[in-house]
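The data block below is input25.cif; it holds mmCIF, C-alpha atoms.
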```cif
data_final
loop_
_atom_site.label_atom_id
_atom_site.label_comp_id
_atom_site.auth_asym_id
_atom_site.auth_seq_id
_atom_site.Cartn_x
_atom_site.Cartn_y
_atom_site.Cartn_z
CA MET A 264 -7.71 -40.55 -78.13
CA SER A 265 -4.32 -38.95 -78.54
CA LEU A 266 -2.65 -36.95 -75.81
CA ILE A 267 -3.10 -33.64 -77.63
CA PHE A 268 -6.90 -33.97 -77.76
CA THR A 269 -7.18 -35.47 -74.26
CA ILE A 270 -5.43 -32.47 -72.73
CA PHE A 271 -7.49 -30.04 -74.81
CA ALA A 272 -10.73 -31.75 -73.74
CA LEU A 273 -9.72 -31.64 -70.04
CA VAL A 274 -8.83 -27.95 -70.23
CA PHE A 275 -12.03 -27.20 -72.19
CA VAL A 276 -14.26 -28.94 -69.63
CA THR A 277 -12.51 -27.12 -66.78
CA GLN A 278 -12.97 -23.75 -68.47
CA LEU A 279 -16.58 -24.56 -69.34
CA ILE A 280 -17.32 -25.31 -65.69
CA SER A 281 -15.68 -22.05 -64.60
CA TRP A 282 -17.57 -20.14 -67.31
CA ILE A 283 -20.97 -21.55 -66.33
CA GLY A 284 -20.14 -21.24 -62.66
CA GLN A 285 -19.63 -23.97 -60.14
CA ASN A 286 -22.38 -22.60 -57.88
CA VAL A 287 -24.91 -22.75 -60.73
CA LEU A 288 -23.96 -26.37 -61.39
CA LEU A 289 -24.09 -27.10 -57.65
CA ASP A 290 -27.63 -25.71 -57.35
CA LEU A 291 -28.76 -27.65 -60.41
CA ALA A 292 -27.19 -30.91 -59.22
CA TYR A 293 -28.56 -30.39 -55.70
CA SER A 294 -32.11 -29.89 -56.94
CA VAL A 295 -31.82 -33.11 -58.97
CA TYR A 296 -30.30 -34.87 -55.93
CA LEU A 297 -33.19 -33.72 -53.70
CA TRP A 298 -35.74 -34.78 -56.29
CA VAL A 299 -34.21 -38.26 -56.70
CA PHE A 300 -32.99 -39.19 -53.22
CA HIS A 301 -34.88 -36.94 -50.79
CA SER A 302 -38.23 -36.42 -52.47
CA SER A 303 -40.10 -37.38 -49.29
CA THR A 304 -38.21 -34.73 -47.28
CA SER A 305 -38.95 -32.11 -49.92
CA ALA A 306 -42.60 -33.11 -49.96
CA GLN A 307 -42.77 -32.93 -46.15
CA LEU A 308 -41.14 -29.50 -46.22
CA ARG A 309 -43.60 -28.16 -48.81
CA ALA A 310 -46.60 -29.68 -46.96
CA LYS A 311 -45.47 -28.31 -43.60
CA ARG A 312 -44.84 -24.86 -45.11
CA LYS A 313 -48.32 -24.87 -46.66
CA GLU A 314 -49.90 -26.06 -43.41
CA VAL A 315 -48.18 -23.37 -41.34
CA LEU A 316 -49.15 -20.64 -43.82
CA ASN A 317 -52.78 -21.78 -43.85
CA THR A 318 -52.91 -21.97 -40.06
CA LYS A 319 -51.28 -18.56 -39.74
CA ALA A 320 -53.78 -17.07 -42.21
CA GLU A 321 -56.62 -18.53 -40.14
CA LEU A 322 -54.97 -17.17 -36.97
CA LEU A 323 -54.85 -13.68 -38.47
CA LYS A 324 -58.57 -13.90 -39.27
CA THR A 325 -59.44 -14.95 -35.71
CA SER A 326 -59.97 -12.29 -33.05
CA ALA A 327 -57.88 -12.82 -29.91
CA GLN A 328 -60.49 -11.09 -27.75
CA ASP A 329 -63.69 -12.59 -29.12
CA GLN A 330 -62.54 -16.18 -29.73
CA PHE A 331 -59.61 -16.58 -27.35
CA ALA A 332 -59.75 -20.39 -27.06
CA LYS A 333 -59.70 -20.85 -30.82
CA TRP A 334 -56.99 -18.17 -31.17
CA ALA A 335 -54.79 -19.82 -28.51
CA LYS A 336 -55.19 -23.25 -30.12
CA LEU A 337 -54.24 -21.81 -33.54
CA ARG A 338 -51.30 -19.94 -31.99
CA ARG A 339 -49.95 -23.14 -30.41
CA SER A 340 -50.44 -24.94 -33.72
CA VAL A 341 -48.51 -22.23 -35.61
CA ASP A 342 -45.68 -22.30 -33.04
CA LYS A 343 -45.47 -26.10 -33.18
CA GLY A 344 -45.52 -26.00 -37.00
CA LEU A 345 -42.74 -23.40 -37.06
CA VAL A 346 -40.58 -25.58 -34.80
CA GLU A 347 -41.14 -28.60 -37.05
CA LEU A 348 -40.48 -26.47 -40.14
CA GLU A 349 -37.24 -25.19 -38.62
CA LYS A 350 -36.14 -28.77 -37.93
CA LEU A 351 -36.89 -29.81 -41.51
CA ASN A 352 -35.06 -26.73 -42.82
CA SER A 353 -31.99 -27.56 -40.72
CA ASP A 354 -32.05 -31.15 -42.02
CA VAL A 355 -32.20 -29.88 -45.61
CA ALA A 356 -29.42 -27.35 -44.90
CA SER A 357 -27.14 -30.04 -43.46
CA THR A 358 -27.91 -32.27 -46.44
CA LYS A 359 -26.99 -29.41 -48.78
CA THR A 360 -23.74 -28.76 -46.94
CA ALA A 361 -22.72 -32.41 -47.17
CA PHE A 362 -23.74 -32.56 -50.83
CA SER A 363 -21.86 -29.34 -51.59
CA LEU A 364 -18.65 -30.74 -50.10
CA LYS A 365 -18.96 -33.97 -52.09
CA PHE A 366 -19.89 -32.16 -55.31
CA ASN A 367 -17.05 -29.63 -55.10
CA THR A 368 -14.56 -32.40 -54.34
CA THR A 369 -15.80 -34.46 -57.28
CA VAL A 370 -15.64 -31.51 -59.67
CA TRP A 371 -12.11 -30.65 -58.51
CA VAL A 372 -10.92 -34.26 -58.89
CA LEU A 373 -12.52 -34.67 -62.33
CA THR A 374 -11.11 -31.41 -63.69
CA THR A 375 -8.04 -30.05 -61.94
CA GLY A 376 -6.98 -33.31 -60.30
CA VAL A 377 -7.08 -35.19 -63.61
CA GLN A 378 -5.07 -32.38 -65.26
CA PHE A 379 -2.40 -32.73 -62.56
CA LEU A 380 -2.41 -36.50 -62.95
CA VAL A 381 -2.07 -36.35 -66.75
CA GLY A 382 0.66 -33.72 -66.44
CA TRP A 383 2.55 -35.88 -63.98
CA TRP A 384 2.03 -39.15 -65.87
CA TYR A 385 3.14 -37.74 -69.21
CA ARG A 386 5.72 -35.29 -67.84
CA LYS A 387 8.51 -36.77 -69.99
CA ALA A 388 6.37 -37.32 -73.10
CA ALA A 389 6.19 -34.96 -76.04
CA VAL A 390 2.72 -33.82 -77.03
CA PHE A 391 4.11 -33.03 -80.49
CA TYR A 392 7.44 -31.99 -82.00
CA LEU A 393 8.23 -28.54 -83.33
CA PRO A 394 9.93 -28.11 -86.72
CA GLN A 395 13.72 -27.78 -86.35
CA GLY A 396 14.94 -24.21 -85.92
CA TRP A 397 11.55 -22.44 -85.86
CA PHE A 398 12.05 -20.91 -82.44
CA GLY A 399 15.86 -20.93 -82.23
CA PRO A 400 17.23 -20.90 -78.71
CA LEU A 401 13.75 -20.43 -77.17
CA GLY A 402 12.66 -23.88 -78.33
CA TRP A 403 13.80 -25.38 -75.03
CA TRP A 404 11.09 -23.43 -73.21
CA PHE A 405 8.34 -25.37 -75.02
CA SER A 406 9.73 -28.65 -73.70
CA PHE A 407 10.02 -27.35 -70.14
CA PRO A 408 10.41 -29.09 -67.66
CA PHE A 409 11.05 -32.72 -68.71
CA ALA A 410 9.96 -33.28 -72.33
CA PRO A 411 12.59 -33.99 -75.00
CA ALA A 412 14.25 -30.97 -76.61
CA GLY A 413 12.42 -29.65 -79.66
CA SER A 414 9.00 -30.80 -78.45
CA VAL A 415 6.03 -29.30 -76.64
CA SER A 416 5.51 -30.59 -73.10
CA VAL A 417 2.19 -31.39 -71.45
CA GLY A 418 2.39 -28.38 -69.11
CA VAL A 419 3.08 -25.92 -71.93
CA TRP A 420 0.29 -27.47 -74.02
CA GLN A 421 -2.15 -27.11 -71.11
CA MET A 422 -1.22 -23.44 -70.70
CA ALA A 423 -1.60 -22.83 -74.45
CA CYS A 424 -5.00 -24.56 -74.57
CA LYS A 425 -6.23 -22.60 -71.57
CA ARG A 426 -5.10 -19.32 -73.10
CA VAL A 427 -6.73 -20.05 -76.47
CA ILE A 428 -10.01 -21.10 -74.83
CA LYS A 429 -10.06 -17.93 -72.69
CA VAL A 430 -9.43 -15.75 -75.74
CA GLY A 431 -12.19 -17.63 -77.59
CA GLU A 432 -14.55 -17.09 -74.66
CA ARG A 433 -13.78 -13.36 -74.62
CA VAL A 434 -14.42 -13.12 -78.38
CA VAL A 435 -17.76 -14.94 -78.05
CA ARG A 436 -18.82 -12.72 -75.14
CA ASP A 437 -17.85 -9.57 -77.05
CA LEU A 438 -19.74 -10.73 -80.14
CA ALA A 439 -22.79 -11.69 -78.08
CA GLY A 440 -22.65 -8.35 -76.26
CA SER A 441 -22.35 -6.38 -79.48
CA LEU A 442 -25.27 -8.28 -81.05
CA GLN A 443 -27.48 -7.53 -78.05
CA SER A 444 -26.55 -3.86 -77.86
CA THR A 445 -26.76 -2.89 -81.53
CA PRO A 446 -28.44 0.48 -81.70
CA GLU A 447 -31.60 0.82 -83.67
CA PRO A 448 -31.38 3.05 -86.75
CA GLU A 449 -32.25 6.61 -85.91
CA THR A 450 -35.30 8.17 -87.48
CA PRO A 451 -34.63 11.41 -89.34
CA THR A 452 -35.55 14.48 -87.34
CA GLU A 453 -36.74 17.81 -88.62
CA VAL A 454 -34.21 20.58 -88.71
CA SER A 455 -35.45 23.83 -87.29
CA SER A 456 -35.68 26.79 -89.64
CA GLU A 457 -33.43 28.92 -87.41
CA LYS A 458 -30.41 26.68 -87.95
CA VAL A 459 -30.86 26.56 -91.71
CA SER A 460 -29.38 29.71 -93.24
#
```
I need this file expressed as structure tokens, please.
Amino acid sequence: MSLIFTIFALVFVTQLISWIGQNVLLDLAYSVYLWVFHSSTSAQLRAKRKEVLNTKAELLKTSAQDQFAKWAKLRRSVDKGLVELEKLNSDVASTKTAFSLKFNTTVWVLTTGVQFLVGWWYRKAAVFYLPQGWFGPLGWWFSFPFAPAGSVSVGVWQMACKRVIKVGERVVRDLAGSLQSTPEPETPTEVSSEKVS
């Protein structure tokens, strides 16, 4: 794939991730991660939650004065279940924190890090050449900082791609917003006889 399309694809993927939202992707990836690698922990957590809720419901139905022994046994069971549930929740929370760090690092490396690497690797290469004399003395800016004179550098091409994608995103959002908020045609209303002269 040529350099021009590689840079566009990298910038597009980065903007797509920022448009969707990294937290949305994190939650989606984490739920898949839990389902694949920690399904037993998730199952234990759901079972323990259900057990505690059932025991607590039974505790609420039991009278503390009439059936104190049963009530005390259920109370101890609920307290023990809550402690175990809290431990499982803390394990899941620490797993999510570790996963979040790894996921965010991976996303950064695969998007922004690769853009930096491509920009550095091809810093002296021309993405494409401009026709002679089109931009006059400002043509040097397109080759800034290290590309040959009369060409477009990787950094300038990345900025241009990012700008075009953001404008395209804004246009799509405006069109989608206007399609959703189109007013319904008004029904004709009767005009009062007082206003008609």
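Take the candidates A:Arg433, A:Lys365, A:Lys425, A:Lys319 and check each one against Ala272 in chain A using only C-alpha atoms; the shortest distance goes to A:Lys425.
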Between CA of Glu347 in chain A and CA of Ala332 in chain A - distance in Å to one decimal: 22.7 Å
Output of the PyMOL selection byres ((chain A and resi 375) around 12), listed as a ChimeraX atom specification: /A:270,273-278,280-281,367-374,376-382,421
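Note that CA of Leu308 in chain A and CA of Tyr296 in chain A are 15.5 Å apart.
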One-decimal distance in Å that lies between CA of Phe366 in chain A and CA of Tyr293 in chain A: 8.9 Å
Nearest candidate to Gly418 in chain A (options A:Pro394, A:Ala327, A:Val287, A:Leu266; using all atoms listed in the file):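 Under the stated criterion, the closest residue is A:Leu266.
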Given all atoms listed in the file as the counted atoms, nearest of A:Gln330, A:Arg309, A:Leu442, A:Val315 to Asn352 in chain A: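 Of A:Gln330, A:Arg309, A:Leu442, A:Val315, the one nearest Asn352 in chain A is A:Arg309, counting all atoms listed in the file.
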Go ahead and fit an axis-aligned box to every listed atom of range 399-406 of chain A plus 4 Å each side, and pass me the centre and edge lengths in Å, one decimal, as JSON.
```
{"center_x": 12.8, "center_y": -24.5, "center_z": -77.7, "size_x": 16.9, "size_y": 16.2, "size_z": 17.0}
```
